[in-house]
Structure formats: structure tokens, C-alpha cells
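Trainee: Sharing a structure below in C-alpha cells format, with a few things to ask.
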Amino acid sequence: MIYLDNAATSWPKPPSVYETLGSFLQTLGANPGRAGHRMAAGAAAAVADCRLRLARLMNAESPNHVVFASNATDALNLAIRGLLRPGDQVITSSMEHNSLARPLRSVAEQGVRVTKVLCSPQGVIDRDVVAAAVSPRLRLIAVTHASNVNGAIQPIEDLAEIARHHNALLLVDGAQTLGAMPMDVQSMGIDLLAFPGHKGLLGPPGTGGLYVGPQVDLATFTPQRSGGTGVRSEDDAQPLELPHRYESGTSNTIGIAGLAAGVRFLEEHGVQSIHQRESSLTRRLIAGLEAIEGVRVCNPPAGAPQAAVVSCVVDGWSPADVGSVLDQSFDIACRTGLHCAPDACRTIGAFPEGTVRLSPGCFTTEDEIDAAIAAVAEIASTPSA
Ligand SMILES: Cc1ncc(COP(=O)(O)O)c(C=O)c1O
């Protein structure tokens with residue numbers, strides 16, 4: 001099988017991730033931070049190791065600035081619901097995944113003012129449009145780093161500058177980028193970075209997290225759940241300090257240990273070199289698809305920054321039918337439709353049917369890309385049933 005659905009979740013995982021998941025519960029299955037015995041200490045050390053590796057990977061100020069969550073959606077919900085209050089303004093874009101757009105819709109119903117800026121037909125935010133949309137109550141700019149529909153990368157540093165200028169915060173959805181390209185939260189000016197553990201970081205499903213930067217006032221950033229943290233048990237109130245304030249309850253230790261193995265793989269192979277490889281596969285895929293008559297590629301133009309996510313539509317074919325034929329006749333796994341991002345599909349002119357999305361990952365080969373191009377060419381040359 002040729003797996004080109006890495007934007008949904010990366011597969012396969014490095015062998016060390018499978019090995020860790022296979023053995024972790026037998027050797028370190030105790031509850032971290034809740035007891036002093038050696039197995040609990042070992043589990044706590046495994047969680048701390050993952051936090052440290054993630055902090056290094058994104059250049060966080062310290063490991064404590066990394067809060068574990070179940071996935072990117074969980075982290076985005078924590079950031080949005082924890083920060084925004086009625087009357088606040090949040091600026092977002094028309095390229096967002098529902099995991100960011102729907103929590104915003106929900107806080108809008110409680111009186112938060114959500115301003116959505118329209119991106120270009122290539123899916124890119126114009127910083128001047130954002131600057132013009134700022135009101136005196138701006139609290140947050142909340143955008144994705146790279147689109148999960150067409151890979152378009154947003155001008156994060158520009159948006160950080162606008163947020164900083166207005167004493168507001170910048171929340172970035174790093175679902176398509178952390179682990180897949182070098183990221184530095186400090187130099188990019190990111191205050192909150194939501195990320196999944198199961199995509200570019202190569203960890204298992206059920207993992208993810210939120211980087212919470214030093215500009216965030218923890219007293220007014222409310223946790224979405226409170227309870228046992230393993231620290232300050234004598235206090236009635238939820239602790240104020242990172243990461244415990246946002247991590248009540250027993251953590252997903254096995255998933256976190258698997259995630260650490262994924263991040264270790266990235267350290268060994270280098271995020272920059274993985275990024276270069278994936279970029280070259282992405283360029284090859286786009287060029288191959290663009291050369292096919294009847295295929296429209298929906299990505300930003302060649303040379304524009306983009307993640308390893310390629311969307312196209314095939315004349316006379318619904319994306320869903322193309323996906324079925326790729327799966328059943330060519331053994332190629334991709335995703336079709338709106339990709340949980342209907343607004344993004346509208347922005348790039350692919351609504352309501354959406355697109356065929358092919359997303360290479362760090363184990364994809366050039367031969368697999370060529371096979372996918374040949375398969376799409378064959379489909380495009382055949383009338384749809
Ligand atoms: C841009 C973007 N944001 C958020 C998410 C949600 O991620 P998760 O499934 O880890 O909650 C995804 C997943 O596809 C995504 O692509």
C-alpha cells in the first residue's frame with residue numbers, strides 16, 4: 001500500500017515507536033508523579049523526557065512550558081476556551097480547520113467577537129488585512145501555521161508583530177508543521193502553539209500538546225478541567241504553575257513515551273533534512289499532477305512556502321470517486337472531501353466537493369510519488385462511472 005495520508009496522521013511510525021508501545025506498560029506502567037516508588041518515578045521520568053525533547057524541538061523556554069493534551073483539537077480548545085472572555089476580539093482566517101473554527105464559533109455564542117479575515121485564493125493571509133481588522137479589544141490572533149488542505153504557510157512572524165503591537169497573544173495551530181519543518185516558538189513570536197503528537201512528531205494517536213509561552217498570564221488562562229495533579233495536594237484550588245495547572249488526571253504515559261520515541265527519531269535524522277526531503281517530494285508531486293490534462297492543483301504556486309500537503313481536483317470526477325479508485329484499483333491511501341476545513345475549500349474554490357489530498361510523509365519514496373502521479377493520470381484519462 002502507498003500511504004499518502006500523512007496530513008491526517010503519519011504512518012508508518014519509526015520502529016522505535018512500536019517497540020516502546022509494546023514494552024512500556026510492562027516496565028513503567030505506574031502512575032507518574034503520584035507515588036515515590038521506583039516504577040512511578042520511572043514513569044514520571046519518561047514523561048519528563050518527552051517534555052524536554054519537545055521543548056528542545058520547538059525552542060521553548062523550558063520543558064514546563066509544554067502542556068500535554070490528547071491531540072491538537074484538545075490543545076486548541078484549551079487555548080481558546082481558557083483565554084477568551086465575552087467582549088474580547090479574536091482575529092482568525094478563512095483557512096482554518098474545524099478544530100480551531102468550531103471552538104471559536106462556540107465562544108462567539110458567549111459574546112467573544114470573532115473576526116475572520118479572508119485569505120487569497122492560494123490560501124494565504126494578508127498581514128495588512130489583519131492589521132486593518134484590529135479593534136481596541138483584540139486579545140488573540142488564532143491561525144493555522146500551514147493549511148491541511150493545500151499546505152499554504154501563513155506569515156506567522158508578521159502576525160506575531162501585530163499581536164505584540166496590540167498587547168494581544170498569538171495562537172498557532174501547528175498540526176501540519178511541528179516535526180515536519182524547523183520551528184522556533186521564541187524567534188517566531190508564538191505565544192501558544194497547539195500540536196498533535198501523531199502527525200509530524202511521529203508519535204501514536206491520542207497524543208499532542210500546547211506550548212504556553214511566558215507572555216500568557218496563567219491566572220487569567222483558565223484550565224478546562226481541574227483535579228489531581230500530583231503537586232500541592234494540600235491546596236483546595238488548582239495549582240497556578242505550568243504544566244500542572246492544565247494537566248489534571250492520570251496522563252497518557254504510554255502515548256507520551258511513544259511520542260518521545262518519535263521525537264528521538266526526528267532528533268537523529270534532523271527535522272531540517274526531513275523537511276527538505278518532504279519538500280522535494282511535494283514539488284515532484286505538484287509538478288507531476290500539473291502536467292496531467294484535466295487535473296487542477298490547488299496549492300500555492302511553485303516557490304511559495306508550503307507544507308507537504310497537495311490538493312487537486314480532476315475534471316469530470318468527484319474527489320470521493322477518485323479516492324475510491326486510488327484505494328481500490330491502485331492501493332493508494334489518500335483523503336478526499338472537505339478535510340474538516342470547509343472555509344478553506346471555499347477560499348481556494350473547491351467547495352462543496354472538496355479535493356483529493358495527497359500528503360507525503362517522512363517515509364514516502366520518489367517511486368511512490370511517481371506511482372501516485374501515474375494513477376491520477378490514468379484516472380483523469382478515463383470517464384467517471
Ligand atoms: C490544521 C489542523 N488543525 C487541527 C487538526 C486536528 O488535529 P487532531 O486530530 O490531532 O486533533 C488537524 C488534523 O487534521 C489539522 O490538520
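By convention in this document, the chains of the C-alpha cells carry letters A, B, ... by their order, each chain's residues are numbered from 1, and ligands are numbered from 1 in the order they are shown.
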So that I can check the surroundings of A:Ser135, please list as a list in words every protein, DNA and RNA residue that reaches within 12 Å of it, counting only C-alpha atoms and ignoring chain neighbours fewer than 2 positions away.

Mentor: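 Once the adjacent positions are removed, what remains is Gly87, Asp88, Gln89, Val90, Ile91, Arg113, Val114, Thr115, Val130, Ala131, Ala132, Ala133, Arg137, Leu138, Arg139, Leu140, Ile141, Ile162, Ala163, His166, Asn167 and Ala168 of chain A.
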
Trainee: Can you list every residue of stretch 22-122 of chain A that has an atom at most 10 Å from stretch 219-234 of chain A, with its nearest atom pair and the distance in Å to one decimal, using only C-alpha atoms, ordered by chain then number, as CSV?

Mentor:
residue,atom,partner,partner_atom,distance
A:Asn31,CA,A:Gly230,CA,9.7
A:Pro32,CA,A:Gly230,CA,8.3
A:Gly33,CA,A:Gly230,CA,5.4
A:Arg34,CA,A:Gly230,CA,5.1
A:Ala35,CA,A:Gly230,CA,8.4
A:Asp74,CA,A:Gln224,CA,9.8
A:Asn77,CA,A:Gln224,CA,8.4
A:Leu78,CA,A:Gln224,CA,6.1
A:Ala79,CA,A:Phe221,CA,7.9
A:Ile80,CA,A:Phe221,CA,9.4
A:Arg81,CA,A:Gln224,CA,7.5
A:Gly82,CA,A:Thr222,CA,4.5
A:Leu83,CA,A:Phe221,CA,5.0
A:Leu84,CA,A:Phe221,CA,8.4
A:Arg85,CA,A:Thr220,CA,9.8

Trainee: Pull N, CA and C atoms from the residues just selected and write them as a CSV table (one decimal), in the first residue's frame.

Mentor:
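This went into again.csv:
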chain,number,residue,atom,x,y,z
A,31,ASN,N,1.7,5.1,37.9
A,31,ASN,CA,1.2,6.4,37.7
A,31,ASN,C,2.3,7.5,38.0
A,32,PRO,N,2.6,8.3,37.0
A,32,PRO,CA,3.7,9.2,37.2
A,32,PRO,C,3.4,10.3,38.2
A,33,GLY,N,4.3,10.7,39.0
A,33,GLY,CA,4.1,11.9,39.9
A,33,GLY,C,3.1,11.6,41.0
A,34,ARG,N,2.6,10.4,41.2
A,34,ARG,CA,1.6,10.2,42.3
A,34,ARG,C,2.2,9.3,43.4
A,35,ALA,N,3.4,8.8,43.3
A,35,ALA,CA,3.9,8.0,44.3
A,35,ALA,C,5.5,8.0,44.2
A,74,ASP,N,-7.8,19.1,21.2
A,74,ASP,CA,-7.8,19.3,22.7
A,74,ASP,C,-7.0,20.6,23.1
A,77,ASN,N,-8.8,23.7,22.0
A,77,ASN,CA,-9.9,24.0,22.8
A,77,ASN,C,-9.5,24.7,24.2
A,78,LEU,N,-8.4,24.1,24.7
A,78,LEU,CA,-7.8,24.6,26.0
A,78,LEU,C,-7.5,26.1,25.8
A,79,ALA,N,-6.7,26.4,24.7
A,79,ALA,CA,-6.2,27.8,24.5
A,79,ALA,C,-7.4,28.7,24.2
A,80,ILE,N,-8.3,28.3,23.4
A,80,ILE,CA,-9.4,29.3,23.0
A,80,ILE,C,-10.4,29.5,24.2
A,81,ARG,N,-10.8,28.4,24.8
A,81,ARG,CA,-11.8,28.5,25.8
A,81,ARG,C,-11.2,29.0,27.1
A,82,GLY,N,-9.9,28.8,27.3
A,82,GLY,CA,-9.3,29.2,28.5
A,82,GLY,C,-8.9,30.7,28.5
A,83,LEU,N,-8.7,31.2,27.3
A,83,LEU,CA,-8.2,32.6,27.2
A,83,LEU,C,-9.3,33.7,27.0
A,84,LEU,N,-10.3,33.3,26.1
A,84,LEU,CA,-11.2,34.4,25.6
A,84,LEU,C,-12.4,34.6,26.5
A,85,ARG,N,-12.8,35.9,26.7
A,85,ARG,CA,-13.9,36.3,27.5
A,85,ARG,C,-14.8,37.1,26.7

Trainee: Would you mind telling me which residue in A:Ala180, A:Met1, A:Ala175, A:Ala72 lies nearest to A:Glu267 when using only C-alpha atoms?

Mentor: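 With only C-alpha atoms as the atom set, the closest residue is A:Ala180.
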
Trainee: I'd like the neighbourhood of A:Ile274 as a ChimeraX atom specification, where a residue qualifies if any of its atoms comes within 9 Å (using only C-alpha atoms), though same-chain residues fewer than 6 positions away should be ignored.

Mentor: /A:179-181,266,361-362

Trainee: If you run DSSP over the backbone, which residues in stretch 254-378 of chain A end up strand (DSSP E or B)? Put them as a PyMOL selection string.

Mentor: chain A and resi 295-297+306+310-314+332-333+335-337+355-359

Trainee: Report as number ranges by chain: the residues of stretch 21-157 of chain A with a DSSP assignment of helix (DSSP H, G or I), based on the backbone of this structure.

Mentor: A: 21-28, 38-58, 63-65, 72-83, 98-108, 127-133, 156-157

Trainee: Neighbours of ligand 1 within 8 Å, counting only C-alpha atoms and all ligand atoms, as number ranges by chain?

Mentor: A: 7-9, 70-76, 96-100, 144-149, 173-176, 195-199, 205-208, 339-340

Trainee: Enter the distance from atom CA of A:Ala385 to atom CA of A:Ser359, in Å, rounded to one decimal.

Mentor: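 Going from atom CA of A:Ala385 over to atom CA of A:Ser359 covers 25.7 Å.
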
Trainee: By how many Å are atom CA of A:Thr364 and atom CA of A:Leu289 apart?

Mentor: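 Computing the Euclidean distance for atom CA of A:Thr364 and atom CA of A:Leu289 yields 16.8 Å.
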
Trainee: Give me the residues within 8 Å of A:Val297 as an MDAnalysis selection string, counting only C-alpha atoms and dropping any in the same chain fewer than 6 places off.

Mentor: chainID A and resid 286 289:290 310:313

Trainee: Report, in Å to a single decimal, how far apart atom CA of A:Ala69 and atom CA of A:Leu210 are.

Mentor: 6.9 Å

Trainee: With only C-alpha atoms as the basis for distance, which of A:Leu118, A:Ile348, A:Ala257, A:Val216 is at the shortest distance from A:Val47?

Mentor: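 Among the listed residues, the smallest separation from A:Val47 belongs to A:Ala257.
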
Trainee: Excluding A:Val212 and its own-chain neighbours fewer than 5 positions away, which residues fall within 8 Å of it when counting only C-alpha atoms? Please give them as a ChimeraX atom specification.

Mentor: /A:65-67,191-193

Trainee: Name the residues in contact with A:Phe265 at a cut-off of 9 Å, using only C-alpha atoms, excluding same-chain residues fewer than 6 positions from it; report them as a list in words.

Mentor: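 The residues satisfying every condition are Pro14, Ser16, Val17, Leu201 and Leu202 of chain A.
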
Trainee: Out of A:Gly209, A:Pro342, A:Pro301, A:Gly42, which residue has the shortest atom-to-atom distance to A:Glu247 when counting only C-alpha atoms?

Mentor: A:Gly209

Trainee: List the neighbours of A:Asp5 out to 9 Å using only C-alpha atoms; skip same-chain residues closer than 4 positions along the sequence, and give me the result as a PDB file with N, CA and C atoms, in the first residue's frame.

Mentor:
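Output contents, as saved in around-v6.pdb:
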ATOM      1  N   THR A   9      -2.709  11.524   9.746  1.00  0.00           N
ATOM      2  CA  THR A   9      -1.841  11.004  10.799  1.00  0.00           C
ATOM      3  C   THR A   9      -0.680  10.320  10.096  1.00  0.00           C
ATOM      4  N   SER A  10       0.510  10.415  10.677  1.00  0.00           N
ATOM      5  CA  SER A  10       1.664   9.845   9.983  1.00  0.00           C
ATOM      6  C   SER A  10       1.670   8.327  10.133  1.00  0.00           C
ATOM      7  N   TRP A  11       2.093   7.668   9.073  1.00  0.00           N
ATOM      8  CA  TRP A  11       2.190   6.195   9.061  1.00  0.00           C
ATOM      9  C   TRP A  11       3.129   5.807   7.932  1.00  0.00           C
ATOM     10  N   VAL A 309       1.484  18.931   1.728  1.00  0.00           N
ATOM     11  CA  VAL A 309       0.056  18.634   1.584  1.00  0.00           C
ATOM     12  C   VAL A 309      -0.348  19.116   0.190  1.00  0.00           C
ATOM     13  N   ALA A 333      -3.560   5.176  -0.486  1.00  0.00           N
ATOM     14  CA  ALA A 333      -4.426   5.768   0.541  1.00  0.00           C
ATOM     15  C   ALA A 333      -4.268   7.282   0.526  1.00  0.00           C
ATOM     16  N   CYS A 334      -5.393   7.988   0.330  1.00  0.00           N
ATOM     17  CA  CYS A 334      -5.356   9.450   0.386  1.00  0.00           C
ATOM     18  C   CYS A 334      -6.613   9.898   1.122  1.00  0.00           C
ATOM     19  N   ARG A 335      -6.832  11.224   1.202  1.00  0.00           N
ATOM     20  CA  ARG A 335      -8.090  11.693   1.780  1.00  0.00           C
ATOM     21  C   ARG A 335      -8.796  12.571   0.769  1.00  0.00           C
ATOM     22  N   ARG A 357      -6.700  14.869  -1.626  1.00  0.00           N
ATOM     23  CA  ARG A 357      -5.488  15.328  -0.931  1.00  0.00           C
ATOM     24  C   ARG A 357      -4.477  14.199  -0.811  1.00  0.00           C
ATOM     25  N   LEU A 358      -3.266  14.481  -1.282  1.00  0.00           N
ATOM     26  CA  LEU A 358      -2.170  13.500  -1.207  1.00  0.00           C
ATOM     27  C   LEU A 358      -1.093  14.122  -0.322  1.00  0.00           C
ATOM     28  N   SER A 359      -0.770  13.460   0.771  1.00  0.00           N
ATOM     29  CA  SER A 359       0.183  14.069   1.702  1.00  0.00           C
ATOM     30  C   SER A 359       1.335  13.113   2.004  1.00  0.00           C
ATOM     31  N   PRO A 360       2.516  13.400   1.417  1.00  0.00           N
ATOM     32  CA  PRO A 360       3.694  12.565   1.683  1.00  0.00           C
ATOM     33  C   PRO A 360       4.163  12.715   3.125  1.00  0.00           C
ATOM     34  N   GLY A 361       4.897  11.737   3.585  1.00  0.00           N
ATOM     35  CA  GLY A 361       5.463  11.799   4.937  1.00  0.00           C
ATOM     36  C   GLY A 361       6.933  11.461   4.900  1.00  0.00           C
TER      37      GLY A 361
END
